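In what follows, a structure is listed as structure tokens, so that the remarks can point back to it.
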Amino acid sequence: MPLREYHRTAEDLEVTQGMIDDFREAGYIVVRKLLDTDEVNKLKKQFEGTEEFRKYIFSQTDGVHKKMKLCAWNYPGNDVSGMVVRSEKYAGTCEKLMGGEVYLYHSKVMMKDAETGGIIHWHQDYGYWYKSGNLYPDMITVFTALDPCTEENGCLQVLEGSHRCGRVDHLQKGEQQEADPERVEQLLPRLERHYVSMEPGDAIFFHCNLLHRSEANCSPQRRWAFANAFNMARNSSVVEHHHPQYNKLHKVPSSAIRECDNFTDLSGKGFLEKEKADWYDPEAEKAGENER
């Protein structure tokens with residue numbers, strides 16, 4: 001089957017029953033031009049030009065001699081990136097796809113730089129989040145391209161319908177969690193794999209049990225993306241951990257992204273320290289440094 005893809009045609013995204021049905025059946029929908037060029041450029045200006053973001057960037061080894069850089073935080077804030085997260089076309093769409101109130105679980109910029117960006121192994125996001133006391137897989141991620149995402153520079157790959165297989169056991173792989181390779185090998189011939197090529201501003205909304213991966217970036221073009229994970233209010237984690245339990249998300253009209261000119265006041269965002277992440281393994285980090 002072709003990708004389950006749609007095109008935004010108005011300021012807000014009209015979520016149709018067809019979108020909801022595709023999300024439930026396939027585990028994802030792709031929305032072309034969820035952000036317009038000006039909105040993408042505002043995000044890039046903030047992520048590339050704000051010292052606070054650069055201060056919190058860290059690397060994650062893939063266990064195969066490469067690394068990806070990340071910057072992650074827990075609360076939306078009132079800056080440009082926060083307006084994106086809180087907007088109707090992001091948070092509001094997630095609520096319609098999931099069928100209830102959501103809050104931000106965390107945001108991150110994923111940086112696969114040219115010729116160095118590492119692999120992301122097959123995994124489910126819930127493979128991580130289950131271990132943090134989220135009792136149900138009532139969680140969703142919005143992954144938005146900031147640069148062209150192609151097969152050459154490591155675009156996202158998804159196994160359509162794999163969210164219906166339930167949670168797969170995950171194993172440590174470098175500083176990542178990898179879905180049980182034997183189970184993945186059994187699923188690959190049974191499910192359709194899509195290489196999700198995207199232009200800047202395109203986004204994919206996907207269920208937390210959808211199996212996905214991305215290849216290393218060996219190309220001369222970087223591949224940056226903005227990923228936002230949302231949890232349903234009724235699924236607030238039963239244990240305190242490095243990502244927040246339920247906190248009210250104050251949504252804004254999508255026009256707030258265009259109107260916001262706050263690039264530098266990042267107060268209250270709760271940037272993540274690598275050593276507190278659920279995947280952090282000091283031995284894997286040490287091994288990755290030795291490999292390089």
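We label chains A, B, ... in the order they appear in the structure tokens, count residues from 1 in each chain, and number ligands from 1 in the order shown.
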
Please, which residues in region 124-156 of chain A fall within 12 Å of region 90-102 of chain A when counting only C-alpha atoms, and what is the closest atom pair and distance in Å to one decimal for each, ordered by chain then residue number, as a tab-separated table?
```
residue	atom	partner	partner_atom	distance
A:Pro137	CA	A:Met98	CA	10.6
A:Asp138	CA	A:Met98	CA	7.4
A:Met139	CA	A:Met98	CA	8.0
A:Ile140	CA	A:Cys94	CA	7.1
A:Thr141	CA	A:Cys94	CA	8.5
A:Val142	CA	A:Tyr90	CA	7.5
A:Phe143	CA	A:Tyr90	CA	10.3
A:Thr144	CA	A:Tyr90	CA	10.3
```

How would the residues just chosen look if you wrote them out with N, CA, C and O atoms as a PDB file, in the first residue's frame?
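Result saved to part_29.pdb:
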```pdb
ATOM      1  N   PRO A 137      -0.081   1.937  26.381  1.00  0.00           N
ATOM      2  CA  PRO A 137       0.563   2.520  25.196  1.00  0.00           C
ATOM      3  C   PRO A 137      -0.308   3.610  24.571  1.00  0.00           C
ATOM      4  O   PRO A 137      -0.580   3.603  23.363  1.00  0.00           O
ATOM      5  N   ASP A 138      -0.732   4.556  25.399  1.00  0.00           N
ATOM      6  CA  ASP A 138      -1.587   5.651  24.948  1.00  0.00           C
ATOM      7  C   ASP A 138      -0.725   6.891  24.736  1.00  0.00           C
ATOM      8  O   ASP A 138      -0.926   7.935  25.362  1.00  0.00           O
ATOM      9  N   MET A 139       0.244   6.779  23.833  1.00  0.00           N
ATOM     10  CA  MET A 139       1.242   7.821  23.625  1.00  0.00           C
ATOM     11  C   MET A 139       1.506   7.954  22.123  1.00  0.00           C
ATOM     12  O   MET A 139       1.336   6.988  21.373  1.00  0.00           O
ATOM     13  N   ILE A 140       1.931   9.128  21.716  1.00  0.00           N
ATOM     14  CA  ILE A 140       2.076   9.423  20.296  1.00  0.00           C
ATOM     15  C   ILE A 140       3.254  10.368  20.099  1.00  0.00           C
ATOM     16  O   ILE A 140       3.556  11.186  20.979  1.00  0.00           O
ATOM     17  N   THR A 141       3.927  10.253  18.973  1.00  0.00           N
ATOM     18  CA  THR A 141       5.051  11.127  18.629  1.00  0.00           C
ATOM     19  C   THR A 141       4.748  11.858  17.328  1.00  0.00           C
ATOM     20  O   THR A 141       4.196  11.271  16.390  1.00  0.00           O
ATOM     21  N   VAL A 142       5.136  13.129  17.277  1.00  0.00           N
ATOM     22  CA  VAL A 142       5.093  13.917  16.037  1.00  0.00           C
ATOM     23  C   VAL A 142       6.539  14.227  15.651  1.00  0.00           C
ATOM     24  O   VAL A 142       7.244  14.913  16.386  1.00  0.00           O
ATOM     25  N   PHE A 143       6.969  13.687  14.525  1.00  0.00           N
ATOM     26  CA  PHE A 143       8.338  13.822  14.037  1.00  0.00           C
ATOM     27  C   PHE A 143       8.297  14.724  12.814  1.00  0.00           C
ATOM     28  O   PHE A 143       7.683  14.377  11.803  1.00  0.00           O
ATOM     29  N   THR A 144       8.941  15.900  12.904  1.00  0.00           N
ATOM     30  CA  THR A 144       8.870  16.906  11.843  1.00  0.00           C
ATOM     31  C   THR A 144      10.249  17.132  11.233  1.00  0.00           C
ATOM     32  O   THR A 144      11.224  17.356  11.955  1.00  0.00           O
TER      33      THR A 144
END
```

| task | Using DSSP on the backbone coordinates, identify all residues within region 5-250 of chain A classified as alpha helix (DSSP H); present the result as a PyMOL selection string. | result | chain A and resi 17-26+37-49+51-55+80-86+93-98+125-129+181-187

Resulting file, chosen residues, N, CA and C atoms, as a short mmCIF file (atom, residue, chain, number, x, y, z; two decimals), in the first residue's frame:
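File selection-v2.cif, as written:
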```
data_model
loop_
_atom_site.label_atom_id
_atom_site.label_comp_id
_atom_site.auth_asym_id
_atom_site.auth_seq_id
_atom_site.Cartn_x
_atom_site.Cartn_y
_atom_site.Cartn_z
N GLN A 17 -12.20 11.60 9.60
CA GLN A 17 -12.35 10.23 10.06
C GLN A 17 -11.40 9.30 9.32
N GLY A 18 -11.11 9.62 8.06
CA GLY A 18 -10.16 8.81 7.31
C GLY A 18 -8.78 8.83 7.93
N MET A 19 -8.35 10.00 8.41
CA MET A 19 -7.07 10.10 9.09
C MET A 19 -7.05 9.25 10.36
N ILE A 20 -8.13 9.34 11.12
CA ILE A 20 -8.21 8.57 12.37
C ILE A 20 -8.20 7.08 12.06
N ASP A 21 -8.93 6.67 11.03
CA ASP A 21 -8.96 5.25 10.66
C ASP A 21 -7.58 4.78 10.20
N ASP A 22 -6.88 5.59 9.39
CA ASP A 22 -5.54 5.22 8.94
C ASP A 22 -4.58 5.12 10.12
N PHE A 23 -4.67 6.07 11.04
CA PHE A 23 -3.80 6.03 12.21
C PHE A 23 -4.03 4.76 13.02
N ARG A 24 -5.28 4.39 13.19
CA ARG A 24 -5.58 3.19 13.98
C ARG A 24 -5.14 1.92 13.26
N GLU A 25 -5.30 1.89 11.94
CA GLU A 25 -4.96 0.69 11.18
C GLU A 25 -3.46 0.57 10.92
N ALA A 26 -2.83 1.66 10.49
CA ALA A 26 -1.43 1.62 10.07
C ALA A 26 -0.46 1.99 11.18
N THR A 37 7.16 27.15 5.30
CA THR A 37 8.59 27.48 5.22
C THR A 37 9.00 28.48 6.29
N ASP A 38 8.18 29.50 6.53
CA ASP A 38 8.51 30.50 7.55
C ASP A 38 8.57 29.87 8.94
N GLU A 39 7.66 28.97 9.23
CA GLU A 39 7.64 28.31 10.55
C GLU A 39 8.86 27.42 10.73
N VAL A 40 9.23 26.69 9.69
CA VAL A 40 10.44 25.85 9.75
C VAL A 40 11.66 26.73 9.97
N ASN A 41 11.75 27.83 9.27
CA ASN A 41 12.90 28.71 9.40
C ASN A 41 13.00 29.32 10.80
N LYS A 42 11.86 29.58 11.43
CA LYS A 42 11.88 30.09 12.80
C LYS A 42 12.43 29.04 13.75
N LEU A 43 12.03 27.80 13.58
CA LEU A 43 12.58 26.74 14.43
C LEU A 43 14.08 26.59 14.21
N LYS A 44 14.49 26.59 12.95
CA LYS A 44 15.92 26.43 12.66
C LYS A 44 16.73 27.60 13.23
N LYS A 45 16.17 28.80 13.14
CA LYS A 45 16.84 29.97 13.72
C LYS A 45 17.04 29.76 15.22
N GLN A 46 16.01 29.24 15.88
CA GLN A 46 16.13 29.04 17.32
C GLN A 46 17.12 27.93 17.67
N PHE A 47 17.00 26.79 17.01
CA PHE A 47 17.85 25.66 17.35
C PHE A 47 19.32 25.89 16.95
N GLU A 48 19.53 26.58 15.86
CA GLU A 48 20.90 26.81 15.39
C GLU A 48 21.57 28.00 16.08
N GLY A 49 20.76 28.95 16.52
CA GLY A 49 21.35 30.21 16.96
C GLY A 49 21.25 30.52 18.44
N GLU A 51 22.25 29.82 22.26
CA GLU A 51 23.31 29.21 23.05
C GLU A 51 22.76 28.17 24.02
N GLU A 52 21.57 28.41 24.58
CA GLU A 52 21.00 27.47 25.55
C GLU A 52 20.80 26.09 24.92
N PHE A 53 20.34 26.05 23.69
CA PHE A 53 20.17 24.76 23.02
C PHE A 53 21.52 24.09 22.81
N ARG A 54 22.49 24.85 22.34
CA ARG A 54 23.81 24.26 22.07
C ARG A 54 24.43 23.72 23.36
N LYS A 55 24.15 24.38 24.49
CA LYS A 55 24.72 23.98 25.76
C LYS A 55 24.24 22.60 26.19
N VAL A 80 9.38 29.92 20.50
CA VAL A 80 8.88 29.45 19.21
C VAL A 80 8.60 27.95 19.21
N SER A 81 9.56 27.15 19.71
CA SER A 81 9.34 25.70 19.73
C SER A 81 8.16 25.34 20.61
N GLY A 82 7.96 26.09 21.70
CA GLY A 82 6.82 25.83 22.57
C GLY A 82 5.49 26.13 21.90
N MET A 83 5.45 27.17 21.07
CA MET A 83 4.22 27.48 20.35
C MET A 83 3.87 26.36 19.36
N VAL A 84 4.91 25.78 18.74
CA VAL A 84 4.67 24.64 17.83
C VAL A 84 4.03 23.49 18.59
N VAL A 85 4.62 23.13 19.72
CA VAL A 85 4.13 22.01 20.52
C VAL A 85 2.70 22.24 20.99
N ARG A 86 2.41 23.47 21.41
CA ARG A 86 1.11 23.78 22.01
C ARG A 86 0.03 24.08 20.98
N THR A 93 -4.20 17.99 17.02
CA THR A 93 -4.29 16.82 16.14
C THR A 93 -4.03 15.55 16.92
N CYS A 94 -3.05 15.56 17.82
CA CYS A 94 -2.77 14.37 18.64
C CYS A 94 -4.00 13.99 19.47
N GLU A 95 -4.68 14.97 20.01
CA GLU A 95 -5.86 14.67 20.83
C GLU A 95 -6.96 14.03 19.98
N LYS A 96 -7.11 14.49 18.76
CA LYS A 96 -8.14 13.91 17.89
C LYS A 96 -7.77 12.50 17.45
N LEU A 97 -6.49 12.26 17.18
CA LEU A 97 -6.06 10.91 16.77
C LEU A 97 -6.14 9.93 17.93
N MET A 98 -5.83 10.41 19.14
CA MET A 98 -5.79 9.53 20.31
C MET A 98 -7.12 9.45 21.04
N ASP A 125 8.81 3.35 20.62
CA ASP A 125 8.99 4.34 21.68
C ASP A 125 8.51 3.80 23.02
N TYR A 126 7.45 2.99 22.97
CA TYR A 126 6.94 2.42 24.23
C TYR A 126 7.91 1.39 24.82
N GLY A 127 8.84 0.91 24.03
CA GLY A 127 9.89 0.05 24.57
C GLY A 127 10.70 0.77 25.64
N TYR A 128 10.86 2.10 25.46
CA TYR A 128 11.49 2.93 26.48
C TYR A 128 10.48 3.33 27.56
N TRP A 129 9.33 3.82 27.12
CA TRP A 129 8.41 4.49 28.03
C TRP A 129 7.68 3.54 28.96
N PRO A 181 15.76 -8.43 17.99
CA PRO A 181 16.03 -8.63 16.56
C PRO A 181 15.36 -9.86 15.98
N GLU A 182 15.21 -10.91 16.78
CA GLU A 182 14.57 -12.13 16.27
C GLU A 182 13.10 -11.87 15.96
N ARG A 183 12.42 -11.14 16.85
CA ARG A 183 11.01 -10.82 16.61
C ARG A 183 10.87 -9.90 15.41
N VAL A 184 11.76 -8.92 15.29
CA VAL A 184 11.71 -8.02 14.14
C VAL A 184 11.89 -8.79 12.84
N GLU A 185 12.84 -9.73 12.81
CA GLU A 185 13.06 -10.53 11.60
C GLU A 185 11.83 -11.33 11.23
N GLN A 186 11.06 -11.76 12.23
CA GLN A 186 9.82 -12.49 11.95
C GLN A 186 8.73 -11.57 11.39
N LEU A 187 8.78 -10.31 11.78
CA LEU A 187 7.76 -9.36 11.33
C LEU A 187 8.05 -8.76 9.96
#
```

| message | I'd like to know which of A:Leu35, A:Val30, A:Leu146, A:Cys208 is closest to Val109 (chain A), using only C-alpha atoms. | response |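 Of A:Leu35, A:Val30, A:Leu146, A:Cys208, the one nearest Val109 (chain A) is A:Leu146, counting only C-alpha atoms.
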
| Counting only C-alpha atoms, what is within 7 Å of Ser132 (chain A), bar same-chain residues fewer than 5 positions away, as an MDAnalysis selection string? | chainID A and resid 237 239 241

| field | Nearest residue to Tyr130 (chain A) from the set A:Lys112, A:Arg167, A:Lys69, A:Arg213 (distances using only C-alpha atoms) | value | A:Arg167

| DSSP strand (DSSP E) residues within region 46-179 of chain A, as a PyMOL selection string | chain A and resi 58-61+67-73+102-112+120-123+139-145+156-159+170-173+176-179

Selection export as a tab-separated table (two decimals), in the first residue's frame, atoms kept: N, CA and C atoms:
```tsv
chain	number	residue	atom	x	y	z
A	58	PHE	N	23.88	16.65	23.48
A	58	PHE	CA	24.75	15.53	23.84
A	58	PHE	C	24.70	14.48	22.76
A	59	SER	N	25.63	13.52	22.77
A	59	SER	CA	25.66	12.47	21.75
A	59	SER	C	25.18	11.15	22.32
A	60	GLN	N	24.69	10.33	21.42
A	60	GLN	CA	24.19	8.98	21.76
A	60	GLN	C	24.83	8.00	20.79
A	61	THR	N	25.58	7.03	21.34
A	61	THR	CA	26.24	6.05	20.48
A	61	THR	C	25.24	5.00	20.00
A	67	LYS	N	27.49	8.10	16.00
A	67	LYS	CA	26.71	8.79	17.02
A	67	LYS	C	25.66	9.69	16.37
A	68	MET	N	24.61	9.97	17.15
A	68	MET	CA	23.66	11.01	16.78
A	68	MET	C	23.64	12.01	17.92
A	69	LYS	N	23.48	13.29	17.60
A	69	LYS	CA	23.41	14.32	18.62
A	69	LYS	C	21.94	14.62	18.93
A	70	LEU	N	21.69	14.96	20.19
A	70	LEU	CA	20.34	15.24	20.66
A	70	LEU	C	20.35	16.46	21.57
A	71	CYS	N	19.22	17.15	21.61
A	71	CYS	CA	18.94	18.12	22.66
A	71	CYS	C	17.48	17.89	23.04
A	72	ALA	N	17.22	17.64	24.32
A	72	ALA	CA	15.88	17.24	24.75
A	72	ALA	C	15.43	18.05	25.96
A	73	TRP	N	14.11	18.28	26.05
A	73	TRP	CA	13.54	19.01	27.18
A	73	TRP	C	12.12	18.51	27.44
A	102	VAL	N	-4.14	15.29	25.83
A	102	VAL	CA	-2.73	14.90	25.88
A	102	VAL	C	-1.93	16.00	26.56
A	103	TYR	N	-0.74	15.63	27.02
A	103	TYR	CA	0.22	16.61	27.52
A	103	TYR	C	1.58	16.27	26.95
A	104	LEU	N	2.49	17.25	26.96
A	104	LEU	CA	3.81	17.02	26.42
A	104	LEU	C	4.60	16.10	27.35
A	105	TYR	N	5.12	15.01	26.78
A	105	TYR	CA	5.98	14.09	27.53
A	105	TYR	C	7.43	14.53	27.40
A	106	HIS	N	7.85	14.91	26.23
A	106	HIS	CA	9.13	15.59	26.02
A	106	HIS	C	9.28	15.98	24.56
A	107	SER	N	10.22	16.90	24.32
A	107	SER	CA	10.58	17.34	22.97
A	107	SER	C	12.06	17.10	22.77
A	108	LYS	N	12.47	16.94	21.51
A	108	LYS	CA	13.90	16.83	21.24
A	108	LYS	C	14.19	17.21	19.79
A	109	VAL	N	15.39	17.73	19.59
A	109	VAL	CA	15.93	17.93	18.25
A	109	VAL	C	16.91	16.78	18.02
A	110	MET	N	16.71	16.05	16.92
A	110	MET	CA	17.53	14.90	16.58
A	110	MET	C	18.44	15.30	15.43
A	111	MET	N	19.75	15.25	15.66
A	111	MET	CA	20.71	15.83	14.73
A	111	MET	C	21.61	14.75	14.13
A	112	LYS	N	21.31	14.37	12.90
A	112	LYS	CA	22.20	13.46	12.17
A	112	LYS	C	23.04	14.33	11.23
A	120	ILE	N	19.62	4.68	14.10
A	120	ILE	CA	18.61	4.44	15.14
A	120	ILE	C	18.06	3.05	14.86
A	121	HIS	N	18.24	2.14	15.78
A	121	HIS	CA	17.86	0.75	15.56
A	121	HIS	C	16.34	0.57	15.66
A	122	TRP	N	15.86	-0.55	15.09
A	122	TRP	CA	14.43	-0.86	15.19
A	122	TRP	C	14.01	-0.79	16.66
A	123	HIS	N	12.97	-0.03	16.93
A	123	HIS	CA	12.47	0.06	18.30
A	123	HIS	C	11.04	0.60	18.28
A	139	MET	N	0.24	6.78	23.83
A	139	MET	CA	1.24	7.82	23.63
A	139	MET	C	1.51	7.95	22.12
A	140	ILE	N	1.93	9.13	21.72
A	140	ILE	CA	2.08	9.42	20.30
A	140	ILE	C	3.25	10.37	20.10
A	141	THR	N	3.93	10.25	18.97
A	141	THR	CA	5.05	11.13	18.63
A	141	THR	C	4.75	11.86	17.33
A	142	VAL	N	5.14	13.13	17.28
A	142	VAL	CA	5.09	13.92	16.04
A	142	VAL	C	6.54	14.23	15.65
A	143	PHE	N	6.97	13.69	14.52
A	143	PHE	CA	8.34	13.82	14.04
A	143	PHE	C	8.30	14.72	12.81
A	144	THR	N	8.94	15.90	12.90
A	144	THR	CA	8.87	16.91	11.84
A	144	THR	C	10.25	17.13	11.23
A	145	ALA	N	10.33	17.07	9.92
A	145	ALA	CA	11.59	17.29	9.22
A	145	ALA	C	11.95	18.77	9.25
A	156	LEU	N	13.36	8.31	8.25
A	156	LEU	CA	12.64	7.36	9.09
A	156	LEU	C	12.11	6.20	8.24
A	157	GLN	N	12.18	5.01	8.81
A	157	GLN	CA	11.55	3.82	8.23
A	157	GLN	C	10.52	3.31	9.23
A	158	VAL	N	9.36	2.88	8.74
A	158	VAL	CA	8.31	2.37	9.62
A	158	VAL	C	7.81	1.03	9.10
A	159	LEU	N	7.39	0.18	10.03
A	159	LEU	CA	6.72	-1.07	9.68
A	159	LEU	C	5.23	-0.87	9.88
A	170	HIS	N	12.80	-5.25	24.48
A	170	HIS	CA	13.89	-4.42	23.99
A	170	HIS	C	15.18	-4.74	24.72
A	171	LEU	N	16.28	-4.67	23.98
A	171	LEU	CA	17.61	-4.98	24.50
A	171	LEU	C	18.51	-3.76	24.34
A	172	GLN	N	19.56	-3.69	25.15
A	172	GLN	CA	20.50	-2.58	25.04
A	172	GLN	C	21.35	-2.73	23.78
A	173	LYS	N	21.50	-1.64	23.03
A	173	LYS	CA	22.35	-1.61	21.84
A	173	LYS	C	23.08	-0.27	21.83
A	176	GLN	N	21.28	2.87	23.03
A	176	GLN	CA	19.90	2.79	22.60
A	176	GLN	C	19.25	1.51	23.12
A	177	GLN	N	17.93	1.48	23.02
A	177	GLN	CA	17.18	0.25	23.23
A	177	GLN	C	16.76	-0.27	21.86
A	178	GLU	N	17.01	-1.54	21.59
A	178	GLU	CA	16.69	-2.15	20.30
A	178	GLU	C	15.63	-3.22	20.49
A	179	ALA	N	14.60	-3.18	19.64
A	179	ALA	CA	13.58	-4.23	19.67
A	179	ALA	C	14.21	-5.58	19.37
```

| query | Which residues, written as a PyMOL selection string, have at least one atom at most 6 Å from region 1-15 of chain A, with only C-alpha atoms counted and residues fewer than 3 positions away on the same chain left out? | reply | chain A and resi 29-32+34+89

| message | Let me make sure I understand: among A:Asn78, A:Asn247, A:Asn231, A:Ser219, which one has the smallest atom-to-atom distance to Thr264 (chain A) if we use only C-alpha atoms? | response | A:Asn78

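In terms of minimum interatomic distance to Ala227 (chain A), A:Asn74 ranks closest within A:Ser267, A:Lys248, A:Asn74, A:Ser162, counting only C-alpha atoms.
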